[in-house]
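What follows is one structure encoded as structure tokens, with my remarks underneath.
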Amino acid sequence: MDFSRQIILPQLGVSGQKKLKDSKILVVGAGGLGCAILPYLAAVGVGTIGIMDGDRIAASNLHRQLLYSESQIGLSKSQEAKKYLKAQFPEVSFRVFDCFLEPSNARDHLQNFDLIIDATDEISARHLLNDLSQELDIPWVYGSVHQFQGQVSVFNFENGPNYKDLFPVADTDAISCSDAGVLGTTVGMIGMLQANEAIKIVAGFGKVLSGKVLIYDLLSCTQQIFEFEKRPENNSRSEQIAFPLITIEEVFQAKLKVIDVRERDEKPEVLKENIFQIPLSTLAEKVELFDRGEEICIFCQTGKRSQTAAEILNQLGFTQIRLIKGGAKEIIGQLSNEIDQHS
Amino acid sequence: MIKVHYFGIIAEAAKSEGETISSPSIPLKSLIGDLTEKYQLDSYQFQIAVNRKIVKEMDALELKTGDEIALLPAFSGG
């Protein structure tokens with residue numbers, strides 16, 4: 001794939017293109033929004049794309065879900081979307097989840113992705129997505145449509161506000177596209193804005209719609225941006241204890257004990273002497289491996305679970321707790337440097 | 001003059017994209033109460049923005065001439 005026309009954008013460049021290639025993005029929903037988002041993620045060079053949808057293709061979908069055709073009615077949306085995209089973008093790794101987002105499967109499916117894009121059509125699914133992405137510390141791009149209007153925002157990005165800070169109460173009576181009516185151009189437009197936010201987040205340029213909700217009205221061709229903040233009731237962590245930070249270089253130099261509190265199958269895998277793999281969910285049972293007075297350093301993917309782990313250890317009487325600056329990726333980077341220096 | 005904007009299902013309930021309130025000043029809570037009664041918005045969930053910032057608590061807010069408010073429901077479709 002030739003990305004030369006986008007790599008010459010100074011905001012993207014070669015380094016941004018590599019970030020896109022290294023990224024793993026899950027699109028939840030392969031309907032109207034999903035069909036707009038997915039081809040642009042694949043075309044821009046995202047390395048791994050997850051497609052989740054348990055729905056089947058219906059005749060009434062075809063006017064706005066352009067990845068499908070009449071001969072595919074009754075077939076799985078997620079499987080057929082993958083077939084279409086794989087033929088056009090063979091270098092992209094696709095992961096298909098032929099199911100709906102449910103409390104029973106959400107954690108397993110979400111935790112292996114760096115970013116999630118909401119292309120669902122239910123508010124209850126967005127509440128589930130919000131809770132899990134906050135727990136797993138994964139940002140997500142929200143998009144939804146009502147007739148000729150659409151909303152776009154980014155939640156849980158760099159400790160920013162989340163969906164419940166914007167809409168604290170679930171409106172179970174809100175109506176879907178099938179009830180309210182929708183044009184393909186409206187979901188196409190909103191999906192495109194979501195894909196664009198995803199590209200900016202992954203490649204690290206531009207101003208992300210965090211703490212802001214954009215409302216686009218296609219009848220008047222106007223857009224408005226509304227700002228919002230965290231609500232204290234959704235963010236009890238605001239009174240969290242400030243544990244001292246330590247760099248991974250200092251940890252290795254002093255040969256301190258390290259706890260990796262991520263789940264066992266999370267990547268990148270960090271294997272080294274003195275690094276103990278103890279998922280947060282089992283930490284309280286494993287504390288007897290350590291002395292309460294010794295220095296314990298903790299890391300996870302981005303820092304949220306480390307803070308929770310530190311609070312657990314603090315409550316259990318540990319006095320020398322350190323949080324490692326950066327996440328697993330930086331630790332892997334430091335390990336690679338060490339190997340280079342010794343080779 | 002205070003401008004009010006409606007979005008999504010609230011615009012459908014009000015049968016309008018917005019309106020102008022001629023009062024020079026009014027407590028936000030009173031205005032929302034009036035609009036809720038006028039358009040029967042009791043059963044809808046929506047957020048309120050004043051001058052494009054969503055407010056967490058409307059009790060103490062007094063609107064004045066030139067302010068713009070918006071009634072923002074969550075959209076659902078996708």
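Each chain in the structure tokens gets a letter, A, B, ..., in the order shown, and its residues are numbered from 1; ligands are numbered from 1 in order too.
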Just list as an MDAnalysis selection string whatever in chain B DSSP marks as strand (DSSP E or B).
chainID B and resid 2:6 18:21 25:27 47:50 53:54 62:64 68:72 77
Write out the residues from the selection above, keeping N, CA and C atoms, as a tab-separated table (two decimals), in the first residue's frame.
chain	number	residue	atom	x	y	z
B	2	ILE	N	-32.95	36.01	25.15
B	2	ILE	CA	-32.20	34.78	25.41
B	2	ILE	C	-32.56	33.77	24.32
B	3	LYS	N	-31.54	33.22	23.68
B	3	LYS	CA	-31.80	32.25	22.61
B	3	LYS	C	-31.82	30.84	23.17
B	4	VAL	N	-32.76	30.03	22.68
B	4	VAL	CA	-32.84	28.64	23.10
B	4	VAL	C	-32.75	27.76	21.86
B	5	HIS	N	-31.86	26.75	21.90
B	5	HIS	CA	-31.71	25.82	20.78
B	5	HIS	C	-32.16	24.42	21.21
B	6	TYR	N	-32.87	23.76	20.31
B	6	TYR	CA	-33.32	22.39	20.59
B	6	TYR	C	-32.65	21.41	19.64
B	18	GLY	N	-35.50	26.08	17.59
B	18	GLY	CA	-35.13	27.02	18.64
B	18	GLY	C	-36.08	28.19	18.69
B	19	GLU	N	-35.88	29.05	19.68
B	19	GLU	CA	-36.73	30.23	19.81
B	19	GLU	C	-35.99	31.29	20.63
B	20	THR	N	-36.55	32.47	20.66
B	20	THR	CA	-35.95	33.56	21.43
B	20	THR	C	-36.90	33.95	22.55
B	21	ILE	N	-36.34	34.05	23.74
B	21	ILE	CA	-37.14	34.44	24.91
B	21	ILE	C	-36.90	35.93	25.14
B	25	SER	N	-33.83	38.84	31.84
B	25	SER	CA	-33.11	37.91	32.71
B	25	SER	C	-34.11	36.97	33.37
B	26	ILE	N	-33.66	35.75	33.61
B	26	ILE	CA	-34.55	34.74	34.19
B	26	ILE	C	-33.67	33.63	34.79
B	27	PRO	N	-34.04	33.08	35.93
B	27	PRO	CA	-33.27	31.94	36.44
B	27	PRO	C	-33.38	30.76	35.46
B	47	GLN	N	-29.48	17.21	28.54
B	47	GLN	CA	-28.55	18.08	29.24
B	47	GLN	C	-28.80	19.52	28.81
B	48	ILE	N	-28.35	20.45	29.64
B	48	ILE	CA	-28.55	21.87	29.34
B	48	ILE	C	-27.19	22.54	29.22
B	49	ALA	N	-27.01	23.24	28.10
B	49	ALA	CA	-25.77	24.00	27.92
B	49	ALA	C	-26.09	25.49	27.98
B	50	VAL	N	-25.27	26.23	28.67
B	50	VAL	CA	-25.37	27.69	28.69
B	50	VAL	C	-24.12	28.23	28.02
B	53	LYS	N	-21.53	25.57	27.17
B	53	LYS	CA	-20.93	24.75	28.22
B	53	LYS	C	-22.05	24.03	28.96
B	54	ILE	N	-21.91	22.72	29.07
B	54	ILE	CA	-22.96	21.94	29.72
B	54	ILE	C	-22.89	22.18	31.23
B	62	GLU	N	-28.43	32.33	36.76
B	62	GLU	CA	-29.36	33.38	36.30
B	62	GLU	C	-28.99	33.73	34.86
B	63	LEU	N	-29.92	33.58	33.95
B	63	LEU	CA	-29.64	33.91	32.55
B	63	LEU	C	-29.85	35.40	32.31
B	64	LYS	N	-29.03	35.95	31.42
B	64	LYS	CA	-29.18	37.38	31.11
B	64	LYS	C	-29.23	37.57	29.60
B	68	GLU	N	-27.12	32.13	25.44
B	68	GLU	CA	-27.73	31.10	24.57
B	68	GLU	C	-27.78	29.81	25.35
B	69	ILE	N	-28.90	29.16	25.36
B	69	ILE	CA	-28.96	27.85	26.01
B	69	ILE	C	-29.34	26.80	24.96
B	70	ALA	N	-28.97	25.57	25.26
B	70	ALA	CA	-29.28	24.46	24.36
B	70	ALA	C	-29.78	23.28	25.17
B	71	LEU	N	-30.77	22.58	24.65
B	71	LEU	CA	-31.28	21.37	25.29
B	71	LEU	C	-30.80	20.18	24.47
B	72	LEU	N	-29.93	19.37	25.08
B	72	LEU	CA	-29.20	18.33	24.35
B	72	LEU	C	-29.57	16.93	24.85
B	77	GLY	N	-29.14	6.50	17.44
B	77	GLY	CA	-28.99	5.75	16.20
B	77	GLY	C	-27.55	5.59	15.75
Could you build a table of the residues in chain B lying no more than 9 Å from chain A, giving for each the nearest pair of atoms and their separation in Å rounded to one decimal place, using only C-alpha atoms, ordered by chain and ascending residue number, as CSV?
residue,atom,partner,partner_atom,distance
B:Phe7,CA,A:Gln149,CA,8.0
B:Gly8,CA,A:His146,CA,5.8
B:Ile9,CA,A:His146,CA,7.7
B:Ser43,CA,A:Asp173,CA,8.8
B:Tyr44,CA,A:Asp171,CA,7.5
B:Gln45,CA,A:Asp171,CA,5.9
B:Phe46,CA,A:Phe167,CA,7.7
B:Gln47,CA,A:Phe167,CA,7.1
B:Ala49,CA,A:Phe226,CA,7.2
B:Asn51,CA,A:Phe226,CA,8.4
B:Arg52,CA,A:Phe226,CA,4.6
B:Lys53,CA,A:Glu227,CA,4.7
B:Ile54,CA,A:Phe228,CA,5.2
B:Val55,CA,A:Phe228,CA,7.6
B:Lys56,CA,A:Arg231,CA,7.5
B:Pro73,CA,A:Phe167,CA,8.1
B:Ala74,CA,A:Phe167,CA,6.7
B:Phe75,CA,A:Ser144,CA,5.6
B:Ser76,CA,A:Ser176,CA,5.4
B:Gly77,CA,A:Ser176,CA,4.3
B:Gly78,CA,A:Asp121,CA,4.5
Please produce an output containing C-alpha atoms for each residue in the selection, written as a PDB file, in the first residue's frame.
ATOM      1  CA  PHE B   7     -31.678  19.216  19.297  1.00  0.00           C
ATOM      2  CA  GLY B   8     -32.766  15.712  18.375  1.00  0.00           C
ATOM      3  CA  ILE B   9     -35.948  14.481  19.935  1.00  0.00           C
ATOM      4  CA  SER B  43     -40.353  12.127  29.994  1.00  0.00           C
ATOM      5  CA  TYR B  44     -37.182  13.152  28.099  1.00  0.00           C
ATOM      6  CA  GLN B  45     -33.625  13.036  29.361  1.00  0.00           C
ATOM      7  CA  PHE B  46     -31.518  15.975  28.208  1.00  0.00           C
ATOM      8  CA  GLN B  47     -28.545  18.080  29.241  1.00  0.00           C
ATOM      9  CA  ALA B  49     -25.767  24.002  27.920  1.00  0.00           C
ATOM     10  CA  ASN B  51     -23.211  29.506  26.174  1.00  0.00           C
ATOM     11  CA  ARG B  52     -21.992  26.137  24.856  1.00  0.00           C
ATOM     12  CA  LYS B  53     -20.932  24.751  28.223  1.00  0.00           C
ATOM     13  CA  ILE B  54     -22.955  21.937  29.725  1.00  0.00           C
ATOM     14  CA  VAL B  55     -24.051  22.835  33.247  1.00  0.00           C
ATOM     15  CA  LYS B  56     -23.889  20.307  36.081  1.00  0.00           C
ATOM     16  CA  PRO B  73     -30.575  14.790  24.459  1.00  0.00           C
ATOM     17  CA  ALA B  74     -28.367  11.734  23.857  1.00  0.00           C
ATOM     18  CA  PHE B  75     -28.805  10.432  20.324  1.00  0.00           C
ATOM     19  CA  SER B  76     -29.184   6.722  19.871  1.00  0.00           C
ATOM     20  CA  GLY B  77     -28.986   5.748  16.195  1.00  0.00           C
ATOM     21  CA  GLY B  78     -26.000   4.373  14.385  1.00  0.00           C
TER      22      GLY B  78
END
Quick check, in Å to one decimal: how far apart do atom CA of Lys207 of chain A and atom CA of Ile117 of chain A lie?
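For atom CA of Lys207 of chain A relative to atom CA of Ile117 of chain A, the distance reads 17.4 Å.
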Distance of atom CA of Thr222 of chain A from atom CA of Cys35 of chain A, expressed in Å to one decimal place:
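Taking atom CA of Cys35 of chain A as the start and atom CA of Thr222 of chain A as the end point, the length is 23.7 Å.
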Interatomic distance between atom CA of Ile73 of chain A and atom CA of Ala59 of chain A?
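Straight-line distance from atom CA of Ile73 of chain A to atom CA of Ala59 of chain A works out to 6.3 Å.
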Identify, on the basis of only C-alpha atoms, every residue whose closest approach to Leu61 of chain B does not exceed 6 Å; exclude the query and any residue fewer than 2 positions from it along the same chain; express the result as an mmCIF file with N, CA and C atoms, in the first residue's frame.
data_model
loop_
_atom_site.group_PDB
_atom_site.id
_atom_site.type_symbol
_atom_site.label_atom_id
_atom_site.label_comp_id
_atom_site.auth_asym_id
_atom_site.auth_seq_id
_atom_site.Cartn_x
_atom_site.Cartn_y
_atom_site.Cartn_z
ATOM 1 N N PRO B 27 -34.040 33.081 35.932
ATOM 2 C CA PRO B 27 -33.266 31.938 36.442
ATOM 3 C C PRO B 27 -33.382 30.762 35.465
ATOM 4 N N LEU B 28 -32.253 30.079 35.236
ATOM 5 C CA LEU B 28 -32.246 28.948 34.295
ATOM 6 C C LEU B 28 -33.297 27.910 34.683
ATOM 7 N N MET B 58 -28.094 23.571 37.860
ATOM 8 C CA MET B 58 -28.698 24.801 37.318
ATOM 9 C C MET B 58 -29.342 25.680 38.381
ATOM 10 N N ASP B 59 -29.307 25.246 39.638
ATOM 11 C CA ASP B 59 -30.038 25.974 40.687
ATOM 12 C C ASP B 59 -29.693 27.455 40.771
#
